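**Q** Can you read through this structure? Questions will come right after.
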Amino acid sequence: MALDSKVPKGPIKDKWTDYKNHIDLVNPANKRHIDIIVVGTGLAGGSAAATLAELGYNVKAFAYQDSPRRAHSIAAQGGINAAKNYQGDGDSTYRLFYDTVKGGDYRSREANVHRLAEVSGNIIDQCVAQGVPFARDYGGLLDNRSFGGVLVSRTFYAKGQTGQQLLLGAYSAMNRQIARGKIEMFNRHEMLDVVKVDGKARGIIARNLITGEIERHSAHAVVIATGGYGNVYFLSTNAMGSNATAAWKIHKKGAYFANPCYTQIHPTCIPRSGDYQSKLTLMSESLRNDGRIWVPAKIEDAQAIQQGKLKPTDLAEEDRDYYLERRYPAFGNLVPRDVASRAAKERCDAGYGVNATGEAVYLDFAAAIQRYGKEQAKIQNIDNPSEGKIYELGQAIVEAKYGNLFQMYEKIVDENPYKTPMMIYPATHYTMGGVWVDYNLMTTVEGLYCIGEANFSDHGANRLGASALMQGLADGYFVLPYTIGDYLSDDIRTGKIPTDTKEFDEAEKEVKGRIDFFINNNGTKSVDHFHKRLGKVMWDKVGMARNEKGLKEAMAEIKAIREEFWKEVKVPGSADEMNTELEKAGRVADFLELGELFAKDALVREESCGGHFREESVELDGPQKGEAKRNDKDFAFVSAWEYKGEPADAVLHKEELEFNDIELKQRSYK
Amino acid sequence: MGGFFKSSIGRKVAMALSAFFLMFFLIIHLAVNITSLFSEGVFNELSHFMGTNPLVQFALQPVLIFGVVFHFVMGFVLELKNKKANGVKYAKNNGAANSTWMSRNMIYSGLAILAFIVLHFIDFWFPEINTKYIQGDMSGMHDGSFRYFHELQHKFLSPARVGAYVVAFILLALHLLHGFTSAFQSMGVTAGRKKALQTFGKIYSIVIPLGFIIIALYHHLNH
Amino acid sequence: MNLTLKIWRQKDSNAKGQMVDYKVTDISEHMSFLEMMDVLNEQLVNAGEEPVAFDHDCREGICGMCSMYINGEAHGPDRGITTCQLHMRMFNDGDTITIEPFRAAAFPVIKDLVVDRMAFERIQQAGGYISVNTSGNTQDANSLPISKHAADEAMDAATCIGCGACVATCKNSSAMLFVGAKVSQYALLPQGQVEAADRVKNMVAQMDLEGFGNCTNTGACEVECPKGISLENIARMNRELMKANIS
């Protein structure tokens, strides 16, 4: 099947408006006879479910947690971008569009990104109307902060809990519709397959996670909004339950999977402390505004620190290697996420890591405390302040800016980051890749939509900070409600979709067969055992830096783990009860396939772009020597994979990317 | 408004309103009694006024009794409802980690105060009603002078009774230490004044019961 | 460190549960409490037993999924945290730790340490929203200035994660801190004024219907709340309800 992105004709700034003016609409009376299933209730799914219900459709929403409010969108800290230009600093729709395409290393679809920038302002209006308590200045107007990779202040925020507040806004909109009976909410339900009738998505099979019952649900269209697949690494900043099952199941039923290798590794996370570690905790990127990143300059000092014989504060200034400032004098500690992450890995791989695992670098606030202290002493007219006084004044400023993060760090690591440098290390955070969708957000299966982080959409090969929330809400509030209406206008005479058909029978049989297999398998190893092994292969060979040899090995190793998994996995308990091991088994089985496709995609993409770094594709000389080298001539396309059984057999379809409104340039941070 | 007092918060407000009334009554009661430490005459005059004034006797007294009964009955009703809301009991519950003993045991301090009121009625109120309304002696006189002060002294001869009164007043103090600020919180008026209210509440909760204790002990020791 | 765990096990909502003793060894003080539970569960799975079911998800203190009543306190002995942020360094070698589900008649146990908090959902559905359509045709976000003080206070109330620790802690199983926080968030913002009276009436009525107890102002909820939601929110809800009934 040839890929058709269905991008409307015309100048980029008019595409979305023209599109909206010419689509078919469904009249209100007919909407009452149309059902839509929304799987996942984070920012994208929650906002979509609420809006579709407001429009009059009957929505069935599914969440694996006990409430939509618990979706992992809630953990987003920093903020949400919008081209409001409230600060009058030259922001505009075009600039947000440009920054997003450039930040994504020119691997996203121009028309989608422009639409995202166009609706961004509306998101803020909408959220304020819903009662989202964004930060304000003393004049009562909305406050903005700036974020990495851009030159304007366009990020709206609610303390360090922006994701939480936006999700609670969408959740409240959902609650209003649940109360009206327009949304039927299925909490503690997991989608285990999609059902196609005559080539169209017409329903899902879901498991009630409390009773274990397998349920059939039908609808005229199905929307997948189940987030990213970062947990393929086992350790990530994702929630424990975040999984790729819904996305993977629709992939197996015909939805192409795009750019799986585009994964964002966030540089400022709290390092792993041991093998028991279950997840990683992100610390806001804002810390890099004041923290200086370093490792010991001498290998013997690094080893002494790893063995606990030396303290970081014992090291003299000249014995420290501020490697980001050394390598990237222009941007220093504020280089983009992918660059900062790779640089940390490079130092740690060379043996300079600073904790027992050797996988940590320092983020030091001593210089910032000194700087702020002296500044405050001047402001407060203190002549010849003592060292102690300067420290005290400086610490107060740092505490005001980052107090909650420092406190969180201290709770987890049990070290006082005001006194000794923090330790950080990169961790998997967000997946730009995902289910391929066209301009309408429809997958390659008719009537099957994919929104939010789950689709491959708007971020190209790298996502800018504070853009994930923007995309999730844009898709759910303002894009999907239009595009899905255009599709459903053909369904007004279809009537209720029956669930007692052979298509549902078959899908249910398949789901039940797999559950029975897990329950009855006489294995010896836990699900987590396999998940951890998969994660290690992914991290070591398909992590921050990738090469041909490693990727080939990874594909073979993942296949071997998968085969062993199906022989040796052990799931206690039964199918007809709450069974958390059974839930995990199904998810890990899918990760074991997705991981291999991920490696294959990385292998095919013989260039470095955004979050994808191929060691073979670096600048060989000139001022950029050693930096990532993009190859626009051969790789300016989206890789969309078609399922053909084994992940290794997946077939590549290319969507060529055209850039008519933006000139392609190399990113430079030197 | 009827619906309001059926709601959980409405009942809280009702509890608080009756509490305010009772706390105000305690001030009046103490103000009258405290005069017995300084002047037999003033105490007798005030007692006679309170005991014979029709407004006090037939308007304020019934309201007071209603207030007391209402506060107790509502307290029990809410306690039972709250117990029902608990479900299975915890095997281990560390209430001391997050709340004061007083706040967790209002029902017990309340029950002790109820027992005290019964005793107090037997001691003073029933004999008073008997003298005034059954025997019809509204004079307040005994052997040619006011009887109130002597009756007071007489009651506090017994160390057991004085002991019981002191214990009851200590429990009243504990009840008030939580109840005072709690009543304001229930009325929704803690905004911005919490610290001052708490301080005032503490003073009130200690001074009022202490006053009664001093009166009881004084008359026990100086008769 | 080595620990003895006393854990509530209950097969399903209809079964009778009981406390069961387990031993775990070689627990690192750097582990989070839930990672210690992972170790126990791995041990149980390997022994062919059913692992202990417990709710958890984000493991960074924001989703509100994790619960557990640990040694007599909601989210355990530390302050300002959820169970997933509790670390084993709060305990000593040889300790016995009692782990129970959040208890309240309105929070029935589903399995082991997993409880049903749907009552919270229904309270939110009764009025925890502003009735504005997500049409994109709302007025400009800056057309209505809101004082920074009010916005900040609304934000403080809005940080509630809906975990239910307030109910679990309350000797009366009262949900007033949870409801008060939501009522307050909207009461403090001009957008919330239009429906303020109906909102507080409906939410309180639903709260009562769910069988939560009545607040006696012990303040335990505020102490145990992982997000430090203030009792002030309950006072504000009381005011709002009185106001709604008087006007």
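If you're wondering about the labels, chains in the structure tokens are A, B, ... by order shown, residues count from 1 in each chain, ligands from 1 in order shown.
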As a ChimeraX atom specification, please: every residue in stretch 443-631 of chain A that a backbone DSSP assignment puts in helix (DSSP H, G or I).
**A** /A:452-454,457-459,468-491,502-520,527-541,548-568,580-604
**Q** Can you write out the residues you just picked, keeping C-alpha atoms, as a compact mmCIF listing (two decimals), in the first residue's frame?
**A**
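Ended up saving to out.txt:
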```txt
# COMPACT_ATOMS: atom_id res chain seq x y z
CA GLY A 452 -0.63 12.04 21.24
CA GLU A 453 2.71 10.41 21.98
CA ALA A 454 1.41 7.15 20.53
CA SER A 457 3.56 12.87 14.27
CA ASP A 458 5.00 16.23 14.91
CA HIS A 459 8.32 16.04 16.69
CA ALA A 468 4.54 17.07 24.25
CA LEU A 469 1.68 18.57 26.24
CA MET A 470 0.96 20.93 23.38
CA GLN A 471 0.71 18.12 20.86
CA GLY A 472 -1.42 15.87 23.05
CA LEU A 473 -4.00 18.58 23.66
CA ALA A 474 -3.89 19.90 20.11
CA ASP A 475 -4.68 16.44 18.76
CA GLY A 476 -7.44 15.79 21.24
CA TYR A 477 -9.18 19.16 21.56
CA PHE A 478 -8.76 20.71 18.15
CA VAL A 479 -7.60 18.35 15.42
CA LEU A 480 -9.17 14.93 15.81
CA PRO A 481 -12.71 16.24 16.45
CA TYR A 482 -12.68 17.75 12.94
CA THR A 483 -10.90 15.00 11.06
CA ILE A 484 -12.87 12.16 12.58
CA GLY A 485 -16.14 13.91 11.71
CA ASP A 486 -15.16 13.93 8.07
CA TYR A 487 -14.70 10.17 8.20
CA LEU A 488 -17.83 9.45 10.24
CA SER A 489 -20.07 11.44 7.92
CA ASP A 490 -20.18 8.26 5.83
CA ASP A 491 -21.38 6.23 8.80
CA LYS A 502 -17.21 -13.75 13.43
CA GLU A 503 -14.71 -10.89 13.44
CA PHE A 504 -15.29 -10.36 17.16
CA ASP A 505 -15.31 -14.13 17.76
CA GLU A 506 -11.92 -14.49 16.15
CA ALA A 507 -10.34 -11.54 17.89
CA GLU A 508 -11.63 -12.70 21.25
CA LYS A 509 -10.42 -16.23 20.63
CA GLU A 510 -6.96 -14.99 19.86
CA VAL A 511 -6.84 -12.86 23.00
CA LYS A 512 -8.11 -15.66 25.20
CA GLY A 513 -5.69 -18.11 23.61
CA ARG A 514 -2.77 -15.94 24.56
CA ILE A 515 -3.98 -15.45 28.14
CA ASP A 516 -4.51 -19.17 28.54
CA PHE A 517 -1.02 -19.79 27.24
CA PHE A 518 0.50 -17.57 29.90
CA ILE A 519 -1.53 -19.06 32.73
CA ASN A 520 -0.79 -22.63 31.69
CA VAL A 527 8.11 -11.64 33.50
CA ASP A 528 10.40 -8.99 34.97
CA HIS A 529 13.40 -11.25 34.41
CA PHE A 530 12.83 -11.04 30.65
CA HIS A 531 11.89 -7.39 30.69
CA LYS A 532 15.15 -6.51 32.45
CA ARG A 533 17.18 -8.51 29.95
CA LEU A 534 15.43 -6.82 27.05
CA GLY A 535 16.04 -3.45 28.65
CA LYS A 536 19.74 -4.11 29.02
CA VAL A 537 20.16 -5.04 25.37
CA MET A 538 18.17 -1.99 24.30
CA TRP A 539 20.15 0.35 26.54
CA ASP A 540 23.56 -1.04 25.65
CA LYS A 541 23.09 -1.44 21.92
CA GLU A 548 25.71 -1.45 12.73
CA LYS A 549 27.40 -4.27 14.60
CA GLY A 550 25.62 -3.53 17.87
CA LEU A 551 22.23 -3.21 16.19
CA LYS A 552 22.60 -6.54 14.40
CA GLU A 553 23.60 -8.15 17.66
CA ALA A 554 20.67 -6.51 19.40
CA MET A 555 18.21 -7.90 16.84
CA ALA A 556 19.58 -11.41 17.31
CA GLU A 557 19.67 -11.13 21.08
CA ILE A 558 16.15 -9.75 21.37
CA LYS A 559 14.88 -12.56 19.16
CA ALA A 560 16.62 -15.08 21.39
CA ILE A 561 15.17 -13.52 24.56
CA ARG A 562 11.74 -13.55 22.95
CA GLU A 563 11.99 -17.21 22.08
CA GLU A 564 13.11 -18.03 25.60
CA PHE A 565 10.31 -15.91 26.99
CA TRP A 566 7.67 -17.95 25.23
CA LYS A 567 9.18 -21.15 26.65
CA GLU A 568 10.17 -20.11 30.12
CA THR A 580 -0.79 -8.11 37.72
CA GLU A 581 1.77 -10.64 36.48
CA LEU A 582 -0.54 -11.63 33.64
CA GLU A 583 -0.94 -7.97 32.66
CA LYS A 584 2.84 -7.53 32.61
CA ALA A 585 3.37 -10.71 30.60
CA GLY A 586 1.20 -9.47 27.75
CA ARG A 587 2.93 -6.11 27.70
CA VAL A 588 6.45 -7.54 27.79
CA ALA A 589 5.59 -9.98 24.99
CA ASP A 590 4.79 -6.97 22.82
CA PHE A 591 7.90 -5.06 23.89
CA LEU A 592 9.96 -8.09 22.88
CA GLU A 593 8.69 -7.69 19.33
CA LEU A 594 8.75 -3.92 19.25
CA GLY A 595 12.34 -3.87 20.52
CA GLU A 596 13.53 -5.86 17.55
CA LEU A 597 11.74 -3.62 15.06
CA PHE A 598 13.23 -0.65 16.90
CA ALA A 599 16.73 -2.02 16.34
CA LYS A 600 15.95 -2.81 12.73
CA ASP A 601 14.73 0.73 12.12
CA ALA A 602 17.88 2.11 13.73
CA LEU A 603 19.95 -0.17 11.53
CA VAL A 604 18.28 1.01 8.35
```
**Q** Compile the residues of chain B that lie within 7 Å of chain C, evaluated using only C-alpha atoms, and express the compilation as an MDAnalysis selection string.
**A** chainID B and resid 1 4 7:9 78 81:83 85:88 92:94 98:99 103:104 182 185:191
**Q** Generate a file of the selected residues that holds N, CA, C and O atoms, formatted as an mmCIF file, in the first residue's frame.
**A**
```
data_model
loop_
_atom_site.group_PDB
_atom_site.id
_atom_site.type_symbol
_atom_site.label_atom_id
_atom_site.label_comp_id
_atom_site.auth_asym_id
_atom_site.auth_seq_id
_atom_site.Cartn_x
_atom_site.Cartn_y
_atom_site.Cartn_z
ATOM 1 N N MET B 1 -32.927 25.427 53.245
ATOM 2 C CA MET B 1 -32.087 25.411 54.452
ATOM 3 C C MET B 1 -32.226 24.077 55.203
ATOM 4 O O MET B 1 -31.288 23.606 55.821
ATOM 5 N N PHE B 4 -29.810 21.679 54.060
ATOM 6 C CA PHE B 4 -28.472 22.019 54.521
ATOM 7 C C PHE B 4 -28.125 21.304 55.820
ATOM 8 O O PHE B 4 -27.075 20.706 55.965
ATOM 9 N N SER B 7 -27.123 17.714 55.558
ATOM 10 C CA SER B 7 -25.834 17.374 54.957
ATOM 11 C C SER B 7 -24.763 17.265 56.026
ATOM 12 O O SER B 7 -24.920 17.776 57.138
ATOM 13 N N SER B 8 -23.682 16.580 55.685
ATOM 14 C CA SER B 8 -22.606 16.389 56.656
ATOM 15 C C SER B 8 -22.093 17.741 57.148
ATOM 16 O O SER B 8 -21.891 17.941 58.338
ATOM 17 N N ILE B 9 -21.905 18.655 56.218
ATOM 18 C CA ILE B 9 -21.350 19.951 56.605
ATOM 19 C C ILE B 9 -22.374 20.741 57.423
ATOM 20 O O ILE B 9 -22.029 21.399 58.408
ATOM 21 N N LEU B 78 -23.332 11.696 65.006
ATOM 22 C CA LEU B 78 -22.191 11.803 64.081
ATOM 23 C C LEU B 78 -21.143 10.737 64.379
ATOM 24 O O LEU B 78 -20.569 10.155 63.470
ATOM 25 N N LYS B 81 -22.299 7.546 62.878
ATOM 26 C CA LYS B 81 -22.201 7.607 61.430
ATOM 27 C C LYS B 81 -20.729 7.461 61.006
ATOM 28 O O LYS B 81 -20.407 6.748 60.057
ATOM 29 N N ASN B 82 -19.868 8.118 61.720
ATOM 30 C CA ASN B 82 -18.446 8.054 61.385
ATOM 31 C C ASN B 82 -17.885 6.655 61.591
ATOM 32 O O ASN B 82 -17.048 6.189 60.823
ATOM 33 N N LYS B 83 -18.339 6.003 62.648
ATOM 34 C CA LYS B 83 -17.877 4.627 62.892
ATOM 35 C C LYS B 83 -18.290 3.740 61.721
ATOM 36 O O LYS B 83 -17.538 2.877 61.283
ATOM 37 N N ALA B 85 -18.652 4.628 58.734
ATOM 38 C CA ALA B 85 -17.886 4.960 57.529
ATOM 39 C C ALA B 85 -16.505 4.314 57.526
ATOM 40 O O ALA B 85 -15.823 4.310 56.508
ATOM 41 N N ASN B 86 -16.111 3.776 58.684
ATOM 42 C CA ASN B 86 -14.738 3.256 58.799
ATOM 43 C C ASN B 86 -14.455 1.968 58.036
ATOM 44 O O ASN B 86 -13.362 1.776 57.541
ATOM 45 N N GLY B 87 -15.406 1.081 57.995
ATOM 46 C CA GLY B 87 -15.109 -0.217 57.402
ATOM 47 C C GLY B 87 -14.240 -1.040 58.339
ATOM 48 O O GLY B 87 -14.285 -0.856 59.562
ATOM 49 N N VAL B 88 -13.413 -1.919 57.759
ATOM 50 C CA VAL B 88 -12.569 -2.806 58.568
ATOM 51 C C VAL B 88 -11.559 -1.979 59.373
ATOM 52 O O VAL B 88 -11.007 -1.004 58.879
ATOM 53 N N LYS B 92 -2.924 -1.973 62.645
ATOM 54 C CA LYS B 92 -2.020 -1.049 63.323
ATOM 55 C C LYS B 92 -2.344 0.360 62.864
ATOM 56 O O LYS B 92 -2.352 0.630 61.675
ATOM 57 N N ASN B 93 -2.633 1.219 63.812
ATOM 58 C CA ASN B 93 -2.976 2.588 63.458
ATOM 59 C C ASN B 93 -2.260 3.552 64.394
ATOM 60 O O ASN B 93 -2.418 3.493 65.605
ATOM 61 N N ASN B 94 -1.455 4.404 63.837
ATOM 62 C CA ASN B 94 -0.641 5.316 64.633
ATOM 63 C C ASN B 94 -1.237 6.730 64.595
ATOM 64 O O ASN B 94 -0.706 7.625 63.964
ATOM 65 N N ASN B 98 -0.250 11.974 63.749
ATOM 66 C CA ASN B 98 -0.774 13.064 62.938
ATOM 67 C C ASN B 98 -1.883 13.885 63.588
ATOM 68 O O ASN B 98 -2.425 14.782 62.961
ATOM 69 N N SER B 99 -2.252 13.566 64.819
ATOM 70 C CA SER B 99 -3.328 14.340 65.436
ATOM 71 C C SER B 99 -3.198 14.288 66.955
ATOM 72 O O SER B 99 -2.517 13.424 67.506
ATOM 73 N N SER B 103 -8.286 15.658 69.965
ATOM 74 C CA SER B 103 -9.105 15.663 68.765
ATOM 75 C C SER B 103 -9.663 14.278 68.467
ATOM 76 O O SER B 103 -10.741 14.154 67.904
ATOM 77 N N ARG B 104 -8.907 13.253 68.843
ATOM 78 C CA ARG B 104 -9.367 11.897 68.530
ATOM 79 C C ARG B 104 -10.348 11.353 69.563
ATOM 80 O O ARG B 104 -10.962 10.318 69.346
ATOM 81 N N SER B 182 -11.983 24.005 66.589
ATOM 82 C CA SER B 182 -12.739 23.142 65.689
ATOM 83 C C SER B 182 -14.066 23.792 65.297
ATOM 84 O O SER B 182 -14.479 23.734 64.138
ATOM 85 N N GLN B 185 -13.368 26.388 62.752
ATOM 86 C CA GLN B 185 -13.054 25.748 61.475
ATOM 87 C C GLN B 185 -14.341 25.278 60.794
ATOM 88 O O GLN B 185 -14.528 25.462 59.597
ATOM 89 N N SER B 186 -15.232 24.680 61.579
ATOM 90 C CA SER B 186 -16.489 24.196 61.003
ATOM 91 C C SER B 186 -17.314 25.332 60.409
ATOM 92 O O SER B 186 -17.987 25.163 59.406
ATOM 93 N N MET B 187 -17.242 26.504 61.064
ATOM 94 C CA MET B 187 -17.983 27.651 60.558
ATOM 95 C C MET B 187 -17.265 28.305 59.378
ATOM 96 O O MET B 187 -17.752 29.283 58.811
ATOM 97 N N GLY B 188 -16.083 27.776 59.083
ATOM 98 C CA GLY B 188 -15.361 28.287 57.920
ATOM 99 C C GLY B 188 -14.717 29.638 58.142
ATOM 100 O O GLY B 188 -14.516 30.384 57.200
ATOM 101 N N VAL B 189 -14.384 29.966 59.393
ATOM 102 C CA VAL B 189 -13.836 31.303 59.634
ATOM 103 C C VAL B 189 -12.384 31.294 60.109
ATOM 104 O O VAL B 189 -11.961 32.185 60.824
ATOM 105 N N THR B 190 -11.612 30.324 59.667
ATOM 106 C CA THR B 190 -10.217 30.326 60.109
ATOM 107 C C THR B 190 -9.338 31.163 59.203
ATOM 108 O O THR B 190 -8.178 31.371 59.483
ATOM 109 N N ALA B 191 -9.898 31.655 58.122
ATOM 110 C CA ALA B 191 -9.076 32.309 57.107
ATOM 111 C C ALA B 191 -8.197 33.411 57.661
ATOM 112 O O ALA B 191 -8.687 34.389 58.213
#
```
**Q** List every residue of chain A that has an atom at most 6 Å from any atom of chain C, giving for each one its closest atom pair and the distance in Å to one decimal, counting only C-alpha atoms, sorted by chain and then by ascending residue number, as CSV.
**A**
```
residue,atom,partner,partner_atom,distance
A:Thr51,CA,C:Thr134,CA,5.8
A:Arg70,CA,C:Cys63,CA,4.7
A:Asn122,CA,C:Gly136,CA,5.6
A:Asp125,CA,C:Ala141,CA,4.3
A:Val128,CA,C:Ala141,CA,5.9
A:Gln130,CA,C:Ile130,CA,5.6
A:Pro133,CA,C:Met155,CA,5.3
A:Arg136,CA,C:Lys148,CA,5.4
A:Asp137,CA,C:Lys148,CA,6.0
A:Tyr138,CA,C:Lys148,CA,5.5
A:Gly140,CA,C:Pro145,CA,4.5
A:Leu141,CA,C:Pro145,CA,5.3
A:Ser172,CA,C:Tyr129,CA,4.8
A:Asn175,CA,C:Gln125,CA,4.7
A:Arg176,CA,C:Gln125,CA,6.0
A:Ala179,CA,C:Gln125,CA,5.4
A:Ala239,CA,C:Cys58,CA,3.9
A:Met240,CA,C:Asp57,CA,4.9
A:Gly241,CA,C:Asp57,CA,5.7
A:Pro572,CA,C:Glu50,CA,5.6
A:Gly573,CA,C:Glu50,CA,5.8
```
**Q** Write out as a list in words all residues of stretch 131-194 of chain B that DSSP puts in strand (DSSP E) for this structure's backbone.
**A** Met141, His142, Ser145 and Phe146 of chain B
**Q** Could you turn the residues from that selection into a file that holds N, CA, C and O atoms, as a tab-separated table (two decimals), in the first residue's frame?
**A**
```tsv
chain	number	residue	atom	x	y	z
B	141	MET	N	-34.67	32.18	100.49
B	141	MET	CA	-34.19	32.42	101.85
B	141	MET	C	-34.15	31.13	102.64
B	141	MET	O	-34.93	30.20	102.39
B	142	HIS	N	-33.22	31.05	103.55
B	142	HIS	CA	-33.17	29.93	104.48
B	142	HIS	C	-32.68	30.49	105.81
B	142	HIS	O	-31.62	31.11	105.87
B	145	SER	N	-31.66	34.28	105.82
B	145	SER	CA	-30.72	34.88	104.86
B	145	SER	C	-30.73	34.06	103.57
B	145	SER	O	-31.28	32.95	103.53
B	146	PHE	N	-30.10	34.63	102.49
B	146	PHE	CA	-30.02	33.88	101.22
B	146	PHE	C	-29.33	32.54	101.44
B	146	PHE	O	-28.34	32.45	102.17
```
**Q** In Å to one decimal, how far is atom CA of A:Met423 from atom CA of A:Val335?
**A** 18.2 Å
